[in-house]
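Q: One structure, pasted below without further comment.
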Protein chains: 2
Amino acid sequence: MSDTTATDGRVIGERALQTRRRILEATAALLRDQGALDVKAMDVAREVGTSPATFYQYFADVEDAIFALALELPEKVAPIQAQFESDWSGPLGLDLARQAVSDYTDFWDENAAVLRVLLLRADERDERFRQVRRDYNAPFMTAMVAKVRSAQDAGRIAKAIDAEATAGAMLAALDRLPNYREGFEKRGTSREAMIETVARLLHSSLTGEPLS
Amino acid sequence: MSDTTATDGRVIGERALQTRRRILEATAALLRDQGALDVKAMDVAREVGTSPATFYQYFADVEDAIFALALELPEKVAPIQAQFESDWSGPLGLDLARQAVSDYTDFWDENAAVLRVLLLRADERDERFRQVRRDYNAPFMTAMVAKVRSAQDAGRIAKAIDAEATAGAMLAALDRLPNYREGFEKRGTSREAMIETVARLLHSSLTGEPLS
DNA sequence: CCCGAATTCTGACACTCCGTCAGATGGGCG
DNA sequence: CGCCCATCTGACGGAGTGTCAGAATTCGGG
């Protein structure tokens, strides 16, 4: 694990680490409140109560600070990824799926602002955000692909189905649906109903067991 | 249908409409090439070969120009939405689903840059982008919800499934997967395989017919 | 064809933000 | 206490933002 450095490359000490951390927190807060297009380096500096020059001591620009926040996501999401590795076939499978979907939804709610930028910049083909997205997605994908493959071996899912594409589609649903939650709730679909449904879709699509 | 106006509210004529159009095209091009966070009003003006002041005559800022581009999407996507309204049950259903998924994927590939900002700003709770997202999504949602409901009435999908959430999950897959295409192709999943798989997932989840 | 009025465009400006220094500050250690 | 080095910042040139007043262009009527 490499040490944290300033923009000029030098390894930084304890006081600087704290400053850097405060800058990251302020960036995250502004991202939540104002959206990705409106966060200015100068706003962050003001929020932290420091000079703009200090911001540039630690980050090349605002995007670079958001990138640093994105780097912290794979680690935070690891326990949830682990839940996707258990065996979801059999009578308890749906319960496991439900728990996994619920936890992943919570995770999204807490980290939505950073996740949105991560996905946006990766979609826009920025190589370093892509790398983080890969690290973030890979454990989900691997686990879900394995489920589909084993359902295919058991003859419960057609061979014409592509395991990777199926896993990708399920991850897509998990990543976009939290963003639609508010709209759903306005139209009478509760959080619980959403989780229940997505869990069943996931469970059915990954294990090949019928939608009931 | 209301007339197009300048930022000061006056209705504009033919020459101005053309200028506005050129500004929009330049904005779309820069959005594709540089990503949402990097488009400057001045870049757009340079690209069009006009003074920055002209840009501000038609749009309050860059986001406003992107919003104008987003406003054109619902109309462009209408023919594809119509494809979701046909009956997908029976032996031809899967073919119809395949065609719909293929066309929607093409649409995404052509309009990805604007769609990404539309979704981002709507996710970030910007009210006017939300309104456009609603207009854009509603026909898809209505059509897909109807399919699920009728499959539920026929007993092929459990009542515990929420029709809206199912439709939302499928739309989520359709909206995010084009962004993963490149990564999939690098790992050996062709565009055709992806469309085939998503079509089957859609077909199965919306009609309740087995995944084979 | 020319003129005046309406429309469209832009130079110029004040302001804010960006990004980089050289040098000031300050906390820990001998 | 005083030195040293990590850390911070004032100050600056450059770029982007957003707004005018007035210049340029178009167009209809005479």
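Ordering of the structure tokens sets the chain letters (A, B, ...); residue numbers start at 1 within each chain; ligands are numbered from 1 in the order shown.
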Using only C-alpha atoms (C1' of nucleotides), determine which residues lie at most 8 Å from range 58-66 of chain B, disregarding the query and same-chain residues fewer than 2 positions distant; provide the list as a compact mmCIF listing (two decimals) with N, CA and C atoms, in the first residue's frame.
A:
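Listed below is the output, part-v2.txt:
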```
# COMPACT_ATOMS: atom_id res chain seq x y z
N THR B 5 -37.53 30.90 -27.38
CA THR B 5 -37.22 32.27 -26.99
C THR B 5 -35.74 32.43 -26.64
N ALA B 6 -35.29 33.68 -26.66
CA ALA B 6 -33.94 33.99 -26.17
C ALA B 6 -33.99 34.08 -24.64
N THR B 7 -32.83 34.28 -24.02
CA THR B 7 -32.81 34.32 -22.55
C THR B 7 -33.60 35.50 -22.01
N ARG B 20 -28.93 29.29 -32.84
CA ARG B 20 -29.21 28.46 -31.67
C ARG B 20 -28.94 26.99 -31.97
N LEU B 24 -26.32 24.37 -30.24
CA LEU B 24 -26.71 23.08 -29.68
C LEU B 24 -25.85 21.95 -30.26
N THR B 27 -22.48 22.07 -28.71
CA THR B 27 -22.54 21.59 -27.33
C THR B 27 -22.57 20.07 -27.30
N ALA B 28 -23.39 19.47 -28.16
CA ALA B 28 -23.49 18.01 -28.20
C ALA B 28 -22.14 17.40 -28.58
N VAL B 39 -17.23 20.86 -20.37
CA VAL B 39 -17.72 21.73 -21.44
C VAL B 39 -17.88 23.15 -20.92
N LYS B 40 -17.18 24.10 -21.54
CA LYS B 40 -17.26 25.51 -21.15
C LYS B 40 -18.05 26.29 -22.20
N ALA B 41 -18.80 27.28 -21.74
CA ALA B 41 -19.55 28.12 -22.66
C ALA B 41 -18.61 28.71 -23.71
N THR B 54 -23.01 35.68 -27.60
CA THR B 54 -24.09 35.06 -28.38
C THR B 54 -24.61 33.81 -27.70
N PHE B 55 -23.68 33.03 -27.14
CA PHE B 55 -24.12 31.84 -26.40
C PHE B 55 -25.13 32.22 -25.32
N TYR B 56 -24.76 33.26 -24.55
CA TYR B 56 -25.62 33.65 -23.43
C TYR B 56 -26.93 34.30 -23.88
N ALA B 68 -31.70 21.75 -23.15
CA ALA B 68 -32.41 21.88 -24.43
C ALA B 68 -32.21 20.64 -25.29
N LEU B 69 -31.01 20.09 -25.26
CA LEU B 69 -30.76 18.85 -26.00
C LEU B 69 -31.58 17.70 -25.42
N ALA B 70 -31.66 17.66 -24.09
CA ALA B 70 -32.43 16.59 -23.44
C ALA B 70 -33.90 16.68 -23.81
N VAL B 114 -25.83 12.94 -23.96
CA VAL B 114 -26.93 13.73 -23.41
C VAL B 114 -27.72 12.91 -22.39
N VAL B 117 -26.15 12.94 -18.94
CA VAL B 117 -26.37 14.16 -18.15
C VAL B 117 -27.82 14.24 -17.69
```
Q: Given a cut-off of 10 Å, which residues of chain A touch chain D, counting only C-alpha atoms (C1' of nucleotides), written out as an MDAnalysis selection string?
A: chainID A and resid 12:16 19 50:54 57
Q: Any chance you could export the current selection's N, CA and C atoms as a tab-separated table (two decimals), in the first residue's frame?
A:
```tsv
chain	number	residue	atom	x	y	z
A	12	ILE	N	3.26	12.78	2.67
A	12	ILE	CA	2.81	13.78	3.63
A	12	ILE	C	2.66	13.22	5.03
A	13	GLY	N	2.73	14.09	6.00
A	13	GLY	CA	2.68	13.67	7.41
A	13	GLY	C	1.30	13.75	8.02
A	14	GLU	N	1.27	13.71	9.34
A	14	GLU	CA	0.01	13.59	10.06
A	14	GLU	C	-0.90	14.82	9.89
A	15	ARG	N	-0.33	15.99	10.11
A	15	ARG	CA	-1.15	17.21	10.00
A	15	ARG	C	-1.73	17.33	8.60
A	16	ALA	N	-0.89	17.10	7.60
A	16	ALA	CA	-1.34	17.20	6.22
A	16	ALA	C	-2.42	16.18	5.91
A	19	THR	N	-5.63	17.57	7.04
A	19	THR	CA	-6.11	18.61	6.12
A	19	THR	C	-6.73	17.97	4.88
A	50	THR	N	-9.81	27.23	4.40
A	50	THR	CA	-8.39	27.32	4.06
A	50	THR	C	-8.23	28.04	2.72
A	51	SER	N	-7.00	28.31	2.37
A	51	SER	CA	-6.76	28.98	1.09
A	51	SER	C	-6.90	28.00	-0.06
A	52	PRO	N	-7.34	28.48	-1.23
A	52	PRO	CA	-7.46	27.60	-2.40
A	52	PRO	C	-6.14	26.91	-2.71
A	53	ALA	N	-5.03	27.59	-2.44
A	53	ALA	CA	-3.72	26.99	-2.74
A	53	ALA	C	-3.55	25.67	-1.99
A	54	THR	N	-4.13	25.60	-0.79
A	54	THR	CA	-4.02	24.36	-0.02
A	54	THR	C	-4.73	23.21	-0.73
A	57	GLN	N	-2.63	21.78	-3.26
A	57	GLN	CA	-1.48	21.06	-2.72
A	57	GLN	C	-1.77	19.56	-2.69
```
Q: Select residues of chain B: the criterion is any atom within 8 Å of an atom of chain A, counting only C-alpha atoms; output as a PyMOL selection string.
A: chain B and resi 35-37+113+116+120-121+123-124+156-158+160-162+164-166+168-177+179-180+184+189+193-194+196-198+200-201+205+208+210-212
Q: I need the chosen residues saved as a PDB file, in the first residue's frame, with C-alpha atoms.
A:
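File written: selection28.pdb
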```
ATOM      1  CA  GLY B  35     -17.442  14.768 -21.062  1.00  0.00           C
ATOM      2  CA  ALA B  36     -20.013  16.630 -19.050  1.00  0.00           C
ATOM      3  CA  LEU B  37     -17.683  18.197 -16.497  1.00  0.00           C
ATOM      4  CA  ALA B 113     -23.658  11.858 -23.859  1.00  0.00           C
ATOM      5  CA  ARG B 116     -25.955  10.528 -19.182  1.00  0.00           C
ATOM      6  CA  LEU B 120     -27.251  12.453 -13.650  1.00  0.00           C
ATOM      7  CA  ARG B 121     -29.065  15.739 -13.100  1.00  0.00           C
ATOM      8  CA  ASP B 123     -30.703  11.668 -10.008  1.00  0.00           C
ATOM      9  CA  GLU B 124     -29.289  14.786  -8.373  1.00  0.00           C
ATOM     10  CA  ARG B 156     -47.483 -16.632 -14.508  1.00  0.00           C
ATOM     11  CA  ILE B 157     -45.932 -14.059 -12.138  1.00  0.00           C
ATOM     12  CA  ALA B 158     -46.361 -14.028  -8.366  1.00  0.00           C
ATOM     13  CA  ALA B 160     -45.619 -10.566  -4.418  1.00  0.00           C
ATOM     14  CA  ILE B 161     -43.804  -9.047  -7.384  1.00  0.00           C
ATOM     15  CA  ASP B 162     -44.311  -5.307  -7.776  1.00  0.00           C
ATOM     16  CA  GLU B 164     -43.567  -0.981 -11.220  1.00  0.00           C
ATOM     17  CA  ALA B 165     -40.364  -2.176  -9.603  1.00  0.00           C
ATOM     18  CA  THR B 166     -39.990  -4.893 -12.217  1.00  0.00           C
ATOM     19  CA  GLY B 168     -37.970  -0.075 -13.345  1.00  0.00           C
ATOM     20  CA  ALA B 169     -35.389  -2.812 -13.019  1.00  0.00           C
ATOM     21  CA  MET B 170     -35.685  -3.682 -16.697  1.00  0.00           C
ATOM     22  CA  LEU B 171     -35.403  -0.053 -17.730  1.00  0.00           C
ATOM     23  CA  ALA B 172     -32.357   0.201 -15.480  1.00  0.00           C
ATOM     24  CA  ALA B 173     -30.737  -2.683 -17.304  1.00  0.00           C
ATOM     25  CA  LEU B 174     -31.531  -1.127 -20.684  1.00  0.00           C
ATOM     26  CA  ASP B 175     -30.088   2.213 -19.609  1.00  0.00           C
ATOM     27  CA  ARG B 176     -26.872   1.042 -18.013  1.00  0.00           C
ATOM     28  CA  LEU B 177     -25.860  -1.869 -20.162  1.00  0.00           C
ATOM     29  CA  ASN B 179     -22.345   1.802 -21.034  1.00  0.00           C
ATOM     30  CA  TYR B 180     -20.804  -1.554 -20.226  1.00  0.00           C
ATOM     31  CA  PHE B 184     -18.062  -6.773 -22.311  1.00  0.00           C
ATOM     32  CA  THR B 189     -19.292 -10.970 -25.049  1.00  0.00           C
ATOM     33  CA  ALA B 193     -24.993 -11.943 -27.283  1.00  0.00           C
ATOM     34  CA  MET B 194     -25.775  -9.027 -24.981  1.00  0.00           C
ATOM     35  CA  GLU B 196     -30.024 -11.715 -26.981  1.00  0.00           C
ATOM     36  CA  THR B 197     -29.561 -12.100 -23.245  1.00  0.00           C
ATOM     37  CA  VAL B 198     -31.215  -8.872 -22.234  1.00  0.00           C
ATOM     38  CA  ARG B 200     -34.612 -12.977 -22.880  1.00  0.00           C
ATOM     39  CA  LEU B 201     -34.396 -11.472 -19.395  1.00  0.00           C
ATOM     40  CA  SER B 205     -39.403 -11.000 -16.357  1.00  0.00           C
ATOM     41  CA  GLY B 208     -43.479 -14.690 -16.735  1.00  0.00           C
ATOM     42  CA  PRO B 210     -39.589 -19.356 -18.253  1.00  0.00           C
ATOM     43  CA  LEU B 211     -35.971 -18.482 -19.035  1.00  0.00           C
ATOM     44  CA  SER B 212     -36.109 -21.678 -21.092  1.00  0.00           C
TER      45      SER B 212
END
```
Q: Quick one: everything within 10 Å of Ala100 in chain A, counting only C-alpha atoms (C1' of nucleotides), minus sequence neighbours fewer than 4 positions away in the same chain. Send it as a ChimeraX atom specification.
A: /A:79-84,94-96,104-106,195,199
Q: Specify as a ChimeraX atom specification all residues of chain C found within 9 Å of chain B, counting only C-alpha atoms (C1' of nucleotides).
A: /C:7-10
Q: Generate the output file for the selected residues, C-alpha atoms (C1' of nucleotides), as a PDB file, in the first residue's frame.
A:
```
ATOM      1  C1'  DT C   7     -33.562  41.728 -34.989  1.00  0.00           C
ATOM      2  C1'  DT C   8     -29.277  39.689 -34.113  1.00  0.00           C
ATOM      3  C1'  DC C   9     -24.556  39.872 -32.876  1.00  0.00           C
ATOM      4  C1'  DT C  10     -20.386  41.409 -30.415  1.00  0.00           C
TER       5       DT C  10
END
```
Q: CA of Gly90 in chain A to CA of Arg149 in chain A: how many Å, to one decimal?
A: 16.1 Å
Q: Going by DSSP on the backbone, which residues of chain A come out as alpha helix (DSSP H)? List them as an MDAnalysis selection string.
A: chainID A and resid 14:34 41:48 52:58 62:71 73:83 93:123 127:153 163:186 191:207
Q: How far is it from CA of Asp135 in chain B to CA of Glu110 in chain A, in Å with one decimal?
A: 27.7 Å
